[in-house]
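Coordinates from work-v5.csv are shown below (CSV, C-alpha atoms).
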```
chain,number,residue,atom,x,y,z
K,5,MET,CA,0.0,0.0,0.0
K,6,LYS,CA,1.6,3.2,-1.1
K,7,GLN,CA,2.1,5.6,1.8
K,8,HIS,CA,0.5,8.9,0.9
K,9,GLU,CA,-2.4,11.0,2.1
K,10,LYS,CA,-4.2,13.1,-0.5
K,11,THR,CA,-5.4,16.5,0.8
K,12,LEU,CA,-9.2,16.8,0.2
K,13,SER,CA,-9.6,20.2,1.8
K,14,GLU,CA,-7.5,22.7,3.8
K,15,LYS,CA,-8.7,25.2,6.3
K,16,LEU,CA,-6.6,28.1,7.7
K,17,ILE,CA,-7.0,28.1,11.4
K,18,HIS,CA,-4.5,30.7,12.6
K,19,LYS,CA,-1.8,32.8,11.0
K,20,GLY,CA,0.7,33.9,13.7
K,21,ARG,CA,4.1,35.5,13.6
K,22,VAL,CA,6.1,32.3,14.0
K,23,ILE,CA,3.6,29.6,13.0
K,24,THR,CA,0.6,29.1,10.7
K,25,VAL,CA,-1.9,26.4,11.6
K,26,TYR,CA,-4.1,24.5,9.1
K,27,GLN,CA,-6.6,21.7,9.5
K,28,GLU,CA,-6.5,19.3,6.5
K,29,GLU,CA,-9.0,16.7,5.6
K,30,VAL,CA,-7.1,13.8,4.1
K,31,LEU,CA,-7.7,10.6,2.2
K,32,LEU,CA,-5.8,7.7,4.0
K,33,PRO,CA,-4.2,4.8,2.0
K,34,ASN,CA,-7.1,2.5,3.1
K,35,GLY,CA,-9.7,4.8,1.5
K,36,LYS,CA,-10.9,6.3,4.8
K,37,VAL,CA,-11.1,10.1,5.5
K,38,SER,CA,-9.3,11.6,8.5
K,39,THR,CA,-8.2,15.1,9.6
K,40,ARG,CA,-4.7,16.3,10.3
K,41,ASP,CA,-3.7,19.5,12.2
K,42,ILE,CA,-0.6,20.9,10.5
K,43,VAL,CA,1.6,23.6,12.0
K,44,ARG,CA,3.7,25.4,9.3
K,45,HIS,CA,6.9,27.0,10.3
K,46,LYS,CA,9.4,29.0,8.1
K,47,GLY,CA,12.3,26.9,9.2
K,48,ALA,CA,15.3,27.7,11.4
K,49,CYS,CA,19.0,27.4,11.8
K,50,ALA,CA,21.1,26.6,14.8
K,51,ILE,CA,24.9,26.8,15.4
K,52,LEU,CA,27.1,24.8,17.6
K,53,ALA,CA,30.0,27.1,18.1
K,54,THR,CA,33.2,26.2,20.0
K,55,VAL,CA,35.8,28.4,21.7
K,56,GLU,CA,38.8,26.2,22.5
K,57,ASP,CA,37.3,23.3,24.5
K,58,LYS,CA,34.1,25.2,25.3
K,59,ILE,CA,30.6,25.3,23.7
K,60,ILE,CA,28.7,28.6,23.4
K,61,MET,CA,25.3,28.1,25.0
K,62,ILE,CA,22.5,30.5,25.7
K,63,LYS,CA,19.9,30.5,28.4
K,64,GLN,CA,16.5,31.8,27.4
K,65,TYR,CA,13.0,31.8,28.8
K,66,ARG,CA,10.6,29.8,26.7
K,67,LYS,CA,7.0,30.7,27.2
K,68,ALA,CA,5.7,27.4,25.8
K,69,LEU,CA,7.6,25.6,28.6
K,70,ASP,CA,7.3,28.4,31.2
K,71,LYS,CA,11.0,27.7,31.9
K,72,VAL,CA,14.5,29.0,31.2
K,73,ILE,CA,16.4,26.4,29.2
K,74,TYR,CA,19.9,26.0,27.8
K,75,GLU,CA,20.1,25.9,24.0
K,76,ILE,CA,22.7,26.5,21.2
K,77,PRO,CA,22.1,29.8,19.4
K,78,ALA,CA,19.3,29.5,16.8
K,79,GLY,CA,16.6,31.4,15.1
K,80,GLY,CA,14.1,31.6,12.3
K,81,ILE,CA,15.2,32.0,8.7
K,82,GLU,CA,13.9,35.3,7.3
K,83,GLU,CA,12.2,35.5,3.9
K,84,GLY,CA,14.8,34.9,1.2
K,85,GLU,CA,17.7,34.7,3.6
K,86,ASP,CA,20.6,32.4,2.9
K,87,ILE,CA,20.6,29.6,5.5
K,88,ALA,CA,24.3,29.8,6.4
K,89,LEU,CA,24.1,33.6,6.7
K,90,CYS,CA,21.1,33.1,9.0
K,91,ALA,CA,23.2,30.9,11.3
K,92,LYS,CA,26.0,33.4,11.4
K,93,ARG,CA,23.5,36.3,12.1
K,94,GLU,CA,21.9,34.4,14.9
K,95,LEU,CA,25.3,33.6,16.5
K,96,ASN,CA,26.3,37.3,16.3
K,97,GLU,CA,22.9,38.7,17.6
K,98,GLU,CA,22.5,36.2,20.4
K,99,THR,CA,26.0,35.7,21.6
K,100,GLY,CA,28.4,38.4,20.2
K,101,TYR,CA,30.6,35.8,18.5
K,102,GLU,CA,31.5,35.6,14.8
K,103,ALA,CA,32.0,32.4,12.8
K,104,GLU,CA,34.2,32.4,9.7
K,105,ASN,CA,33.9,28.8,8.5
K,106,LEU,CA,30.7,26.9,8.9
K,107,GLN,CA,30.3,23.1,8.5
K,108,TYR,CA,26.8,21.7,7.8
K,109,LEU,CA,25.9,19.0,10.4
K,110,ALA,CA,22.3,18.2,9.6
K,111,GLY,CA,18.8,19.3,8.6
K,112,MET,CA,16.4,17.9,11.1
K,113,VAL,CA,12.7,17.8,11.5
K,114,THR,CA,11.6,18.4,15.0
K,115,SER,CA,7.9,17.2,15.2
K,116,PRO,CA,7.0,15.4,12.0
K,117,GLY,CA,3.7,14.2,13.4
K,118,PHE,CA,2.2,17.7,13.1
K,119,CYS,CA,4.8,20.3,12.1
K,120,ASP,CA,7.0,20.9,9.0
K,121,GLU,CA,9.7,22.8,10.9
K,122,VAL,CA,13.2,22.0,9.7
K,123,ILE,CA,16.3,23.1,11.7
K,124,HIS,CA,19.5,23.4,9.8
K,125,VAL,CA,22.4,22.8,12.2
K,126,TYR,CA,25.9,24.1,11.6
K,127,LEU,CA,29.2,23.7,13.4
K,128,ALA,CA,31.6,26.6,13.7
K,129,GLU,CA,34.9,25.9,15.5
K,130,ASN,CA,37.0,28.5,17.3
K,131,VAL,CA,34.7,31.5,16.8
K,132,LYS,CA,35.9,35.0,17.7
K,133,LYS,CA,34.2,37.8,19.7
K,134,VAL,CA,32.9,40.5,17.5
K,135,ILE,CA,33.7,44.2,18.0
K,136,GLU,CA,30.1,45.4,17.4
K,137,LYS,CA,27.4,43.0,18.4
K,138,ALA,CA,24.2,43.2,16.4
K,139,PRO,CA,21.1,43.7,18.6
K,140,CYS,CA,18.8,40.8,19.5
K,141,ASP,CA,15.1,40.7,18.4
K,142,GLU,CA,13.0,43.1,20.5
K,143,ASP,CA,11.4,40.2,22.4
K,144,GLU,CA,14.5,38.2,23.1
K,145,PHE,CA,16.3,38.2,26.4
K,146,ILE,CA,19.4,36.0,26.4
K,147,GLU,CA,22.3,35.1,28.7
K,148,VAL,CA,25.4,33.7,27.1
K,149,TYR,CA,27.6,30.9,28.7
K,150,LEU,CA,30.8,29.2,27.6
K,151,ILE,CA,30.6,25.6,28.9
K,152,GLN,CA,33.3,23.0,28.9
K,153,GLN,CA,32.5,20.1,26.6
K,154,SER,CA,32.8,17.5,29.4
K,155,HIS,CA,30.2,19.6,31.4
K,156,VAL,CA,27.9,19.8,28.4
K,157,GLU,CA,27.9,16.0,28.3
K,158,GLU,CA,27.1,15.8,32.0
K,159,MET,CA,24.3,18.3,31.6
K,160,ILE,CA,22.8,16.2,28.8
K,161,ARG,CA,23.0,13.0,30.9
K,162,SER,CA,21.5,14.7,34.0
K,163,GLY,CA,18.6,16.3,32.1
K,164,GLU,CA,19.8,19.9,32.6
K,165,ILE,CA,20.0,20.2,28.8
K,166,ILE,CA,16.7,19.0,27.3
K,167,ASP,CA,16.6,20.8,23.9
K,168,ALA,CA,16.6,18.3,21.0
K,169,LYS,CA,18.5,20.4,18.5
K,170,THR,CA,21.2,21.0,21.1
K,171,ILE,CA,21.5,17.3,22.1
K,172,CYS,CA,21.6,16.4,18.4
K,173,ALA,CA,24.2,19.0,17.4
K,174,TYR,CA,26.5,18.1,20.3
K,175,SER,CA,26.2,14.4,19.8
K,176,MET,CA,26.8,14.7,16.1
K,177,TYR,CA,29.9,16.9,16.7
K,178,LYS,CA,31.2,14.3,19.3
K,179,ALA,CA,30.6,11.4,16.9
K,180,MET,CA,32.6,13.3,14.2
K,181,ARG,CA,35.5,13.8,16.5
K,182,SER,CA,35.6,10.2,17.9
S,226,MET,CA,16.8,41.1,34.5
S,227,LYS,CA,14.8,38.0,35.5
S,228,GLN,CA,13.8,36.0,32.5
S,229,HIS,CA,10.1,35.4,32.7
S,230,GLU,CA,7.0,36.4,30.8
S,231,LYS,CA,3.7,36.9,32.7
S,232,THR,CA,0.6,35.8,30.8
S,233,LEU,CA,-1.8,38.7,30.6
S,234,SER,CA,-4.5,36.8,28.6
S,235,GLU,CA,-4.9,33.5,26.8
S,236,LYS,CA,-7.1,32.8,23.8
S,237,LEU,CA,-7.9,29.2,22.7
S,238,ILE,CA,-7.4,29.2,18.9
S,239,HIS,CA,-7.9,25.5,18.1
S,240,LYS,CA,-8.5,22.2,19.9
S,241,GLY,CA,-7.4,19.3,17.7
S,242,ARG,CA,-6.8,15.6,18.3
S,243,VAL,CA,-3.1,15.9,18.7
S,244,ILE,CA,-2.4,19.6,19.4
S,245,THR,CA,-4.2,22.5,21.0
S,246,VAL,CA,-3.2,26.0,19.9
S,247,TYR,CA,-3.4,29.2,22.1
S,248,GLN,CA,-2.5,32.8,21.6
S,249,GLU,CA,-1.1,34.4,24.7
S,250,GLU,CA,-0.6,38.1,25.4
S,251,VAL,CA,2.5,38.3,27.6
S,252,LEU,CA,4.4,40.9,29.6
S,253,LEU,CA,8.1,40.9,28.6
S,254,PRO,CA,10.9,41.5,31.1
S,255,ASN,CA,11.4,45.0,29.7
S,256,GLY,CA,7.8,45.9,30.4
S,257,LYS,CA,6.5,45.7,26.8
S,258,VAL,CA,3.6,43.6,25.8
S,259,SER,CA,3.9,40.9,23.1
S,260,THR,CA,2.0,37.9,21.8
S,261,ARG,CA,3.1,34.3,21.7
S,262,ASP,CA,1.5,31.5,19.8
S,263,ILE,CA,1.7,28.3,21.9
S,264,VAL,CA,1.1,24.8,20.7
S,265,ARG,CA,0.3,22.4,23.5
S,266,HIS,CA,0.9,18.7,23.0
S,267,LYS,CA,0.2,15.8,25.4
S,268,GLY,CA,3.8,14.5,25.2
S,269,ALA,CA,5.2,11.4,23.5
S,270,CYS,CA,7.6,8.6,24.0
S,271,ALA,CA,10.1,7.0,21.6
S,272,ILE,CA,12.1,3.8,21.8
S,273,LEU,CA,15.4,2.9,20.3
S,274,ALA,CA,15.3,-0.8,20.1
S,275,THR,CA,18.1,-3.1,19.1
S,276,VAL,CA,18.2,-6.7,17.7
S,277,GLU,CA,21.8,-7.8,17.8
S,278,ASP,CA,23.7,-5.1,15.9
S,279,LYS,CA,20.6,-3.7,14.2
S,280,ILE,CA,18.2,-0.9,15.0
S,281,ILE,CA,14.5,-1.2,14.6
S,282,MET,CA,13.3,1.7,12.4
S,283,ILE,CA,9.9,2.5,10.8
S,284,LYS,CA,9.1,4.2,7.6
S,285,GLN,CA,5.9,6.3,7.8
S,286,TYR,CA,4.3,9.0,5.7
S,287,ARG,CA,4.1,12.4,7.5
S,288,LYS,CA,1.4,14.7,6.2
S,289,ALA,CA,3.1,17.8,7.6
S,290,LEU,CA,6.2,17.0,5.5
S,291,ASP,CA,4.3,15.3,2.6
S,292,LYS,CA,7.1,12.7,2.7
S,293,VAL,CA,7.8,9.2,4.0
S,294,ILE,CA,10.6,9.3,6.6
S,295,TYR,CA,12.6,6.9,8.8
S,296,GLU,CA,12.0,7.2,12.5
S,297,ILE,CA,12.3,5.1,15.6
S,298,PRO,CA,9.0,3.9,17.0
S,299,ALA,CA,7.2,6.6,18.9
S,300,GLY,CA,3.7,7.8,19.8
S,301,GLY,CA,1.6,10.0,22.0
S,302,ILE,CA,1.2,9.3,25.7
S,303,GLU,CA,-2.4,8.5,26.5
S,304,GLU,CA,-4.3,10.2,29.4
S,305,GLY,CA,-2.9,8.8,32.6
S,306,GLU,CA,-0.6,6.3,30.9
S,307,ASP,CA,2.7,5.3,32.4
S,308,ILE,CA,5.4,6.7,30.2
S,309,ALA,CA,7.5,3.5,30.0
S,310,LEU,CA,4.4,1.4,29.3
S,311,CYS,CA,3.6,3.8,26.5
S,312,ALA,CA,7.1,3.2,25.0
S,313,LYS,CA,6.5,-0.6,25.2
S,314,ARG,CA,3.0,-0.3,23.7
S,315,GLU,CA,4.2,1.8,20.8
S,316,LEU,CA,7.1,-0.6,20.0
S,317,ASN,CA,4.6,-3.5,20.0
S,318,GLU,CA,1.9,-1.8,17.9
S,319,GLU,CA,4.2,-0.2,15.4
S,320,THR,CA,6.8,-3.0,15.0
S,321,GLY,CA,5.7,-6.3,16.6
S,322,TYR,CA,8.6,-6.4,19.0
S,323,GLU,CA,8.5,-6.6,22.7
S,324,ALA,CA,11.0,-4.9,25.2
S,325,GLU,CA,11.7,-6.4,28.6
S,326,ASN,CA,14.1,-3.9,30.1
S,327,LEU,CA,13.9,-0.2,29.2
S,328,GLN,CA,16.7,2.3,29.9
S,329,TYR,CA,15.7,6.0,30.0
S,330,LEU,CA,17.9,8.0,27.7
S,331,ALA,CA,16.4,11.5,27.8
S,332,GLY,CA,13.4,13.7,27.9
S,333,MET,CA,13.7,16.3,25.1
S,334,VAL,CA,11.8,19.3,24.0
S,335,THR,CA,11.4,19.4,20.2
S,336,SER,CA,10.4,23.0,19.4
S,337,PRO,CA,10.7,25.1,22.6
S,338,GLY,CA,10.1,28.4,20.7
S,339,PHE,CA,6.4,27.6,20.3
S,340,CYS,CA,5.5,24.1,21.5
S,341,ASP,CA,5.6,22.3,24.9
S,342,GLU,CA,6.0,18.8,23.4
S,343,VAL,CA,8.4,16.6,25.4
S,344,ILE,CA,9.5,13.3,24.0
S,345,HIS,CA,10.8,10.7,26.5
S,346,VAL,CA,13.3,8.5,24.8
S,347,TYR,CA,14.1,5.0,25.9
S,348,LEU,CA,16.6,2.4,24.9
S,349,ALA,CA,15.7,-1.3,24.8
S,350,GLU,CA,18.4,-3.8,23.8
S,351,ASN,CA,17.8,-7.2,22.2
S,352,VAL,CA,14.1,-7.0,21.9
S,353,LYS,CA,12.1,-10.1,20.8
S,354,LYS,CA,9.3,-10.6,18.3
S,355,VAL,CA,5.9,-10.8,19.9
S,356,ILE,CA,3.5,-13.7,19.1
S,357,GLU,CA,0.5,-11.5,19.0
S,358,LYS,CA,1.1,-8.0,17.7
S,359,ALA,CA,-1.3,-5.3,18.9
S,360,PRO,CA,-2.9,-3.3,16.1
S,361,CYS,CA,-1.7,0.1,15.0
S,362,ASP,CA,-3.9,3.2,15.3
S,363,GLU,CA,-6.6,3.4,12.6
S,364,ASP,CA,-4.8,6.1,10.7
S,365,GLU,CA,-1.3,4.7,10.9
S,366,PHE,CA,0.4,2.9,8.0
S,367,ILE,CA,3.9,1.7,8.9
S,368,GLU,CA,6.7,-0.3,7.4
S,369,VAL,CA,9.3,-1.9,9.7
S,370,TYR,CA,13.0,-2.2,8.9
S,371,LEU,CA,16.0,-3.7,10.9
S,372,ILE,CA,19.0,-1.6,9.9
S,373,GLN,CA,22.7,-2.2,10.7
S,374,GLN,CA,24.1,0.4,13.1
S,375,SER,CA,26.8,1.3,10.7
S,376,HIS,CA,24.2,2.0,8.0
S,377,VAL,CA,22.1,4.1,10.4
S,378,GLU,CA,25.2,6.3,10.9
S,379,GLU,CA,25.6,6.6,7.2
S,380,MET,CA,21.9,7.5,6.8
S,381,ILE,CA,22.2,10.3,9.4
S,382,ARG,CA,25.4,11.6,7.7
S,383,SER,CA,23.8,11.5,4.2
S,384,GLY,CA,20.6,13.2,5.3
S,385,GLU,CA,18.4,10.1,4.7
S,386,ILE,CA,17.5,10.1,8.4
S,387,ILE,CA,16.3,13.6,9.3
S,388,ASP,CA,14.1,13.0,12.4
S,389,ALA,CA,15.5,14.8,15.4
S,390,LYS,CA,14.4,12.3,18.1
S,391,THR,CA,15.9,9.5,16.0
S,392,ILE,CA,19.2,11.3,15.6
S,393,CYS,CA,19.3,12.2,19.3
S,394,ALA,CA,18.4,8.7,20.5
S,395,TYR,CA,21.0,7.0,18.2
S,396,SER,CA,23.7,9.5,19.0
S,397,MET,CA,23.1,9.2,22.8
S,398,TYR,CA,23.2,5.4,22.5
S,399,LYS,CA,26.5,5.5,20.6
S,400,ALA,CA,28.0,8.0,23.1
S,401,MET,CA,27.0,5.6,26.0
S,402,ARG,CA,28.7,2.7,24.2
S,403,SER,CA,32.0,4.6,23.2
```
Let me see the file written as C-alpha cells.
Amino acid sequence: MKQHEKTLSEKLIHKGRVITVYQEEVLLPNGKVSTRDIVRHKGACAILATVEDKIIMIKQYRKALDKVIYEIPAGGIEEGEDIALCAKRELNEETGYEAENLQYLAGMVTSPGFCDEVIHVYLAENVKKVIEKAPCDEDEFIEVYLIQQSHVEEMIRSGEIIDAKTICAYSMYKAMRS
Amino acid sequence: MKQHEKTLSEKLIHKGRVITVYQEEVLLPNGKVSTRDIVRHKGACAILATVEDKIIMIKQYRKALDKVIYEIPAGGIEEGEDIALCAKRELNEETGYEAENLQYLAGMVTSPGFCDEVIHVYLAENVKKVIEKAPCDEDEFIEVYLIQQSHVEEMIRSGEIIDAKTICAYSMYKAMRS
C-alpha cells in the first residue's frame, strides 16, 4: 500500500508571527477520510560554536515551557535569507561571536507528526568575539555561557540540557570527533 | 533582568486531536507587551530498540512534510498512561517487537520556541518478536526495517534520516557505548 495522504480540503485556522496552523481533511491509504492538524513554520537554523574546548550556549526563557532552558544559538530563517548567513547572524545577535567557517551538520525535522519545521544545524569551530554585536530581536532576552565540553555531556546526561537540537548537534559533533 | 513572561491573557485558537493552539498576550521582562502562539501537546515517548547489531526503524508518511521518513517507533502518551508502558506499547503496535528492560535516555523538548512537546526516549536492547502484535492506530500505516548500526550512521550523515528524536536517540546510545 503506497504511503500517501491526499489533501481533500484545507482550512486556515491561525496565521501567527512564527507559525501558521491548518486543518486538513485527508484521504488515507485505506480509503478512509481523516483530519490532520498541520503547523507550518518558516524553518530555522542553529549553530554549535566552539571556543577552544568550550561550547557557546544560551539561556533563554521559553513561554511554551514556562521555563528558562539551555540551547545552542538558533533562530528563524527570514524571507529569502541564505541559511548559512542566518546561522552566522543568529550567532552574532544572540552571543556576540562571529563564525568564519561553517560546517553543515544536519537538517532535522523536530515534530514530523504535526509540524513541518526543519532546523539546519551548523558547526563553527573557534569562533571570535565581534567588536560590534548586532542587537537581539525586540522580544529576546538572552544570557550567554561558555561551557566545557565535558560539562555539556554531564548536563545532557543529568537532564539539565533538554533541547533536542542542542543534544543532536552536540552528539553529532562528538561522533565526528571520535 | 529576571527572565520570565507573565501571561496577561490567553485565547484558545484551536483544539485538535493531537495539538491545542493558544495565543497568549505576555508581559516581557522590559515591560513591553507581546504575543506568543503556543502549541500544546500531550507529550510522547520513543524507543530505540536493538536486535543484535541492528536498530528497529519504521518508515511512515508524515502529512506535515508530505514525505515518507525513517523514525524510531514513537507515539503520544495517552491520558494517565505510564510513560515507560507507553514506549513498550508503541514498540509492540508499530513493529511487533517486545521490550523487557527499558533504559531512560532523555526527555527532550522538540520546538521550545512555540511548543511544549516533550519526547521521552528509551533504549531497549535485544528485543524479541511478539507472538500477537497489537494493532496500529486506525490512521497509521507503517513499514518496519531492521537496519545495521553502521548503516544508520551513514543514513544520518547523508541526510536520509532527518528526524531529530531518532538522531538524538541514536547519538546518545552511541555515546554511551563509546
Q: Could the residues of chain S within 6 Å of chain K, counting only C-alpha atoms, be given as a list in words, please?
A: Gln228, Ile263, Tyr286, Ala289, Leu290, Met333, Val334, Thr335, Phe339, Cys340, Asp341, Ile387, Asp388, Ala389, Cys393 and Ser396 of chain S
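Atom pair CA of Leu371 in chain S / CA of Ala309 in chain S: separated by 22.1 Å.
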Q. For Glu304 in chain S, which of S:His266, S:Gln328, S:Ile272, S:Tyr322 is the closest residue, counting all atoms listed in the file?
A.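 Checking each of S:His266, S:Gln328, S:Ile272, S:Tyr322 against Glu304 in chain S, counting all atoms listed in the file, the winner is S:His266.
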